[in-house]
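Coordinates from query.csv are shown below (CSV, C-alpha atoms).
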chain,number,residue,atom,x,y,z
A,212,GLY,CA,-27.0,-9.4,14.2
A,213,ASN,CA,-25.5,-11.5,16.9
A,214,GLY,CA,-22.7,-9.0,17.6
A,215,ARG,CA,-20.2,-10.9,15.5
A,216,ASP,CA,-18.4,-9.2,12.7
A,217,GLY,CA,-18.0,-10.9,9.3
A,218,VAL,CA,-14.5,-12.0,8.8
A,219,GLN,CA,-13.1,-13.5,5.7
A,220,ILE,CA,-9.8,-15.3,5.8
A,221,ILE,CA,-7.9,-15.3,2.5
A,222,SER,CA,-4.8,-17.2,1.8
A,223,SER,CA,-2.8,-17.2,-1.4
A,224,GLY,CA,0.5,-18.6,-2.6
A,225,PRO,CA,2.2,-20.3,-5.5
A,226,ASP,CA,-0.3,-23.1,-5.3
A,227,THR,CA,-3.3,-20.9,-6.0
A,228,MET,CA,-4.0,-19.9,-9.5
A,229,ASN,CA,-5.7,-16.6,-8.8
A,230,GLU,CA,-4.2,-13.9,-6.6
A,231,GLU,CA,-7.1,-13.7,-4.2
A,232,ILE,CA,-5.5,-11.3,-1.8
A,233,ARG,CA,-4.6,-8.9,-4.6
A,234,ASP,CA,-8.1,-9.1,-6.0
A,235,ASN,CA,-9.6,-8.5,-2.5
A,236,TYR,CA,-7.4,-5.4,-1.9
A,237,GLN,CA,-8.5,-4.2,-5.3
A,238,LYS,CA,-12.2,-4.7,-4.5
A,239,ILE,CA,-11.9,-2.9,-1.2
A,240,ILE,CA,-10.1,0.0,-2.9
A,241,GLY,CA,-12.6,0.1,-5.8
A,242,LYS,CA,-15.6,0.2,-3.5
A,243,ALA,CA,-14.5,3.2,-1.5
A,244,ARG,CA,-16.6,6.3,-1.8
A,245,ASP,CA,-14.8,8.5,0.7
A,246,HIS,CA,-11.4,7.3,1.6
A,247,ASP,CA,-8.8,4.5,1.4
A,248,TYR,CA,-6.0,4.2,3.9
A,249,ILE,CA,-3.1,1.9,3.0
A,250,GLN,CA,-0.2,1.0,5.2
A,251,THR,CA,2.5,-1.2,3.8
A,252,PRO,CA,6.3,-1.7,4.1
A,253,TYR,CA,6.5,-2.5,0.3
A,254,PHE,CA,4.3,-0.9,-2.3
A,255,ILE,CA,4.9,-2.4,-5.8
A,256,PRO,CA,1.5,-2.6,-7.3
A,257,ASP,CA,0.8,-4.4,-10.5
A,258,GLU,CA,-1.0,-2.5,-13.3
A,259,ALA,CA,-4.5,-3.6,-12.1
A,260,MET,CA,-3.9,-2.4,-8.6
A,261,PHE,CA,-2.2,0.8,-9.7
A,262,SER,CA,-5.2,1.5,-12.0
A,263,ALA,CA,-7.7,0.8,-9.2
A,264,LEU,CA,-5.9,3.5,-7.1
A,265,VAL,CA,-5.8,6.0,-9.9
A,266,ILE,CA,-9.5,5.5,-10.7
A,267,ALA,CA,-10.3,5.9,-7.0
A,268,ILE,CA,-8.4,9.2,-6.8
A,269,HIS,CA,-10.0,10.5,-10.0
A,270,SER,CA,-13.5,9.6,-8.6
A,271,GLY,CA,-12.8,11.8,-5.6
A,272,VAL,CA,-11.8,9.2,-3.1
A,273,ASP,CA,-9.1,10.4,-0.7
A,274,VAL,CA,-6.2,7.9,-1.0
A,275,HIS,CA,-3.7,7.9,1.8
A,276,ILE,CA,-0.6,5.7,1.6
A,277,MET,CA,1.9,5.2,4.4
A,278,ILE,CA,5.3,3.6,3.8
A,279,PRO,CA,8.3,3.3,6.0
A,280,CYS,CA,11.1,5.7,5.6
A,281,LYS,CA,13.9,3.3,6.6
A,282,PRO,CA,14.3,0.7,3.8
A,283,ASP,CA,15.4,-2.7,4.8
A,284,HIS,CA,15.6,-3.7,1.2
A,285,LEU,CA,17.0,-0.9,-0.9
A,286,PHE,CA,15.8,-1.9,-4.4
A,287,VAL,CA,12.3,-2.6,-3.2
A,288,TYR,CA,12.3,0.7,-1.3
A,289,GLU,CA,13.3,2.7,-4.4
A,290,ALA,CA,10.7,1.0,-6.5
A,291,THR,CA,8.1,1.7,-3.8
A,292,CYS,CA,9.1,5.4,-3.9
A,293,SER,CA,8.7,5.6,-7.6
A,294,TYR,CA,5.1,4.2,-7.5
A,295,VAL,CA,4.2,6.4,-4.5
A,296,GLY,CA,5.6,9.4,-6.4
A,297,GLU,CA,3.4,8.8,-9.4
A,298,LEU,CA,0.3,8.4,-7.2
A,299,VAL,CA,1.2,11.7,-5.4
A,300,ASN,CA,1.2,13.3,-8.9
A,301,GLU,CA,-2.2,11.8,-9.5
A,302,GLY,CA,-3.5,13.3,-6.2
A,303,ALA,CA,-2.9,10.7,-3.5
A,304,GLN,CA,-1.6,11.7,-0.1
A,305,CYS,CA,1.5,9.7,0.7
A,306,TYR,CA,3.6,9.7,3.8
A,307,THR,CA,6.8,8.2,5.1
A,308,TYR,CA,6.6,6.9,8.7
A,309,ASP,CA,9.6,8.2,10.5
A,310,ASN,CA,9.2,6.6,13.9
A,311,GLY,CA,11.0,3.3,13.2
A,312,PHE,CA,10.0,0.6,10.7
A,313,LEU,CA,6.4,0.3,9.7
A,314,HIS,CA,5.3,-3.3,10.0
A,315,ALA,CA,1.5,-2.8,9.5
A,316,LYS,CA,0.1,-4.2,6.4
A,317,GLY,CA,-3.4,-3.3,5.6
A,318,VAL,CA,-6.1,-1.4,3.7
A,319,MET,CA,-9.0,0.4,5.4
A,320,SER,CA,-11.9,1.8,3.4
A,321,ASP,CA,-14.6,4.3,4.3
A,322,GLY,CA,-14.5,3.3,8.0
A,323,LEU,CA,-16.4,0.1,7.0
A,324,VAL,CA,-14.1,-2.6,5.9
A,325,CYS,CA,-10.4,-3.4,6.4
A,326,SER,CA,-8.0,-6.1,5.4
A,327,TYR,CA,-4.9,-6.9,7.4
A,328,GLY,CA,-2.4,-9.7,7.3
A,329,THR,CA,1.0,-10.8,6.1
A,330,ALA,CA,0.8,-9.6,2.5
A,331,ASN,CA,2.8,-6.7,1.4
A,332,MET,CA,1.4,-4.7,-1.6
A,333,ASP,CA,3.9,-6.1,-3.9
A,334,VAL,CA,3.9,-8.5,-6.8
A,335,ARG,CA,6.3,-10.9,-5.1
A,336,SER,CA,4.0,-11.2,-2.1
A,337,TYR,CA,1.0,-12.1,-4.3
A,338,LYS,CA,2.8,-14.6,-6.4
A,339,LEU,CA,5.5,-16.3,-4.5
A,340,ASN,CA,4.9,-16.1,-0.8
A,341,PHE,CA,2.3,-18.0,1.1
A,342,GLU,CA,0.3,-15.2,2.7
A,343,VAL,CA,-2.8,-14.9,4.8
A,344,ASN,CA,-5.0,-11.9,5.2
A,345,ALA,CA,-8.2,-11.3,7.2
A,346,THR,CA,-10.8,-9.0,5.7
A,347,ILE,CA,-13.0,-7.7,8.5
A,348,TYR,CA,-16.4,-6.2,7.6
A,349,SER,CA,-16.8,-4.1,10.8
A,350,PRO,CA,-17.2,-0.4,11.2
A,351,LYS,CA,-16.0,-0.7,14.8
A,352,THR,CA,-12.7,-2.5,14.0
A,353,THR,CA,-12.1,-0.5,10.9
A,354,ALA,CA,-12.6,2.8,12.9
A,355,LYS,CA,-10.1,1.6,15.5
A,356,LEU,CA,-7.5,0.9,12.8
A,357,GLU,CA,-8.2,4.1,11.0
A,358,LYS,CA,-7.7,6.0,14.3
A,359,ILE,CA,-4.3,4.3,14.6
A,360,PHE,CA,-3.4,5.3,11.1
A,361,GLU,CA,-4.4,8.9,11.8
A,362,ASP,CA,-2.4,8.9,15.1
A,363,ASP,CA,0.6,7.5,13.1
A,364,LEU,CA,0.5,10.6,10.8
A,365,LYS,CA,2.0,12.6,13.7
A,366,TYR,CA,5.2,10.7,13.1
A,367,CYS,CA,5.1,11.0,9.3
A,368,THR,CA,6.5,13.3,6.6
A,369,GLU,CA,4.2,13.9,3.7
A,370,ILE,CA,5.7,13.2,0.3
A,371,THR,CA,4.7,16.2,-1.8
A,372,SER,CA,5.1,16.4,-5.5
A,373,GLU,CA,7.7,19.2,-5.0
A,374,LEU,CA,9.6,16.9,-2.6
A,375,TYR,CA,9.4,14.1,-5.1
A,376,ALA,CA,10.5,16.2,-8.0
A,377,LYS,CA,13.6,17.4,-6.0
A,378,ARG,CA,15.2,14.0,-5.9
A,379,SER,CA,18.6,14.0,-7.5
A,380,MET,CA,19.2,12.4,-10.9
A,381,LEU,CA,21.0,9.5,-9.3
A,382,ILE,CA,18.1,8.6,-7.1
A,383,ARG,CA,15.8,8.9,-10.0
A,384,PHE,CA,17.9,6.7,-12.2
A,385,LYS,CA,18.1,4.1,-9.3
A,386,GLU,CA,14.4,4.2,-8.9
A,387,GLN,CA,13.7,3.6,-12.6
A,388,PHE,CA,16.3,0.8,-12.6
A,389,SER,CA,14.8,-0.8,-9.5
A,390,ARG,CA,11.4,-0.5,-11.1
A,391,MET,CA,12.6,-2.3,-14.2
A,392,PHE,CA,13.6,-5.2,-12.1
A,393,SER,CA,11.0,-5.0,-9.4
A,394,PHE,CA,9.0,-7.9,-10.9
A,395,ILE,CA,11.9,-10.3,-10.5
A,396,LEU,CA,13.2,-9.1,-7.1
Could you take the file, read its structure, and then write that structure out as structure tokens?
Amino acid sequence: GNGRDGVQIISSGPDTMNEEIRDNYQKIIGKARDHDYIQTPYFIPDEAMFSALVIAIHSGVDVHIMIPCKPDHLFVYEATCSYVGELVNEGAQCYTYDNGFLHAKGVMSDGLVCSYGTANMDVRSYKLNFEVNATIYSPKTTAKLEKIFEDDLKYCTEITSELYAKRSMLIRFKEQFSRMFSFIL
């Protein structure tokens, strides 16, 4: 080629009927054969996205999800934890980033393709906010971002299923409660 990488800019918002960014994330996750890396401040997947991740895990893809440990929006954080906890039980590797707030929002897959931008992995982002993401079909760029992800792991705590199961009843109740309302937050 001419040394230029393929870049696709996707925007979505209340004026678009289909949730293109969500569909794009889902496609990237679904195409992975080896690994998916996800970094997001908020992780409130809808059913389709959640299933795509579970299917990937069950097909032997290593799914790594990094979320911040310091919530700036408590309800959303607790809902995030409940989804992450379920994916840990399915076999994903999930981490909290302990070195300040995590602002990165992106998905990287197989060292081949990545999608970065303003969209959080939550329903509100897909439906209500105007967002823009760039999907970059470039092993070079993706490898760079994956390297950053791997370096960030030094500052992370892994959320194990034991750790997740140890949460107190109150936290668990709050998570379930947050989750019930996560779609209207």
* Asked: Which residues, written as a ChimeraX atom specification, have at least one atom at most 9 Å from Glu369 (chain A), with all atoms listed in the file counted and residues fewer than 5 positions away on the same chain left out?
  -> /A:304-308,364,374
**Report entry** Among listed residues A:Arg233, A:Lys316, A:Arg378, A:Arg215, nearest Thr251 (chain A) (using all atoms listed in the file)
**Finding:**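 Selected residue with least distance to Thr251 (chain A): A:Lys316.
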_Residues within 7 Å of Ser326 (chain A), please, as an NGL selection string. Count only C-alpha atoms; anything in the same chain fewer than 6 positions from it doesn't count._
:A and (317-319 or 344-347)
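Proximity to Glu357 (chain A) was assessed for A:Asp321, A:Glu386, A:Asp216, A:Asp234 counting all atoms listed in the file; the smallest distance is recorded for A:Asp321.
Counting from CA of Met332 (chain A), the distance to CA of Gly217 (chain A) is 23.1 Å.
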Exercise for review: Kindly give the distance, in Å, that separates CA of Val295 (chain A) and CA of Thr352 (chain A), rounded to a single decimal.
Suggested key: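 According to the coordinates, CA of Val295 (chain A) and CA of Thr352 (chain A) are separated by 26.6 Å.
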Which residues are near Asn310 (chain A)? Cut-off 10 Å, all atoms listed in the file, ignore same chain within fewer than 4 positions. Put them as number ranges by chain. A: 279-281, 363, 365-367
Take the residues from that selection and put them in a file with C-alpha atoms, as a JSON list (two decimals), in the frame of the given file.
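Below is the file that was written, again-v3.json:
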[["chain", "number", "residue", "atom", "x", "y", "z"],
["A", 279, "PRO", "CA", 8.30, 3.30, 6.00],
["A", 280, "CYS", "CA", 11.10, 5.70, 5.60],
["A", 281, "LYS", "CA", 13.90, 3.30, 6.60],
["A", 363, "ASP", "CA", 0.60, 7.50, 13.10],
["A", 365, "LYS", "CA", 2.00, 12.60, 13.70],
["A", 366, "TYR", "CA", 5.20, 10.70, 13.10],
["A", 367, "CYS", "CA", 5.10, 11.00, 9.30]]
Notebook entry, point to check: Restricting the calculation to all atoms listed in the file, which member of A:Ile221, A:Ala290, A:Ile278, A:Ala303 is positioned closest to Ile266 (chain A)?
Noted result: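 Of A:Ile221, A:Ala290, A:Ile278, A:Ala303, the one nearest Ile266 (chain A), counting all atoms listed in the file, is A:Ala303.
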**Asked** What separation in Å, quoted to one decimal, exists between CA of Val324 (chain A) and CA of Ser349 (chain A)?
**Response**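 Interatomic distance here is 5.8 Å.
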### Message
Using all atoms listed in the file for the distances, tell me which of A:Glu289, A:Gly328, A:Gly322, A:Glu361 is nearest to Arg383 (chain A).
### Response
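Answer, going by the shortest atom-to-atom distance: A:Glu289.
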Judged by all atoms listed in the file, the minimum distance to Ile370 (chain A) among A:Ile240, A:Cys292, A:Ala354, A:Leu323 is found for A:Cys292
**Message:** Measuring between all atoms listed in the file, which one of A:Ser372, A:Gly241, A:Phe360, A:Arg390 shows the shortest distance to Phe254 (chain A)?
**Reply:**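 Looking at the shortest contact to Phe254 (chain A), the residue is A:Arg390.
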Give the padded box for region 231-246 of chain A as lines of an AutoDock Vina configuration file: axis-aligned, covering all atoms listed in the file, 4 Å on each side, centre and edge lengths in Å to one decimal.
center_x = -10.6
center_y = -2.6
center_z = -2.2
size_x = 20.0
size_y = 30.2
size_z = 15.6
If you take only C-alpha atoms and a cut-off of 8 Å, which residues of region 246-291 of chain A touch region 298-301 of chain A, and what are their nearest atom pairs and distances in Å to one decimal, in chain and number order, as CSV?
residue,atom,partner,partner_atom,distance
A:Leu264,CA,A:Leu298,CA,7.9
A:Val265,CA,A:Glu301,CA,6.8
A:Ile268,CA,A:Glu301,CA,7.2
A:His269,CA,A:Glu301,CA,7.9
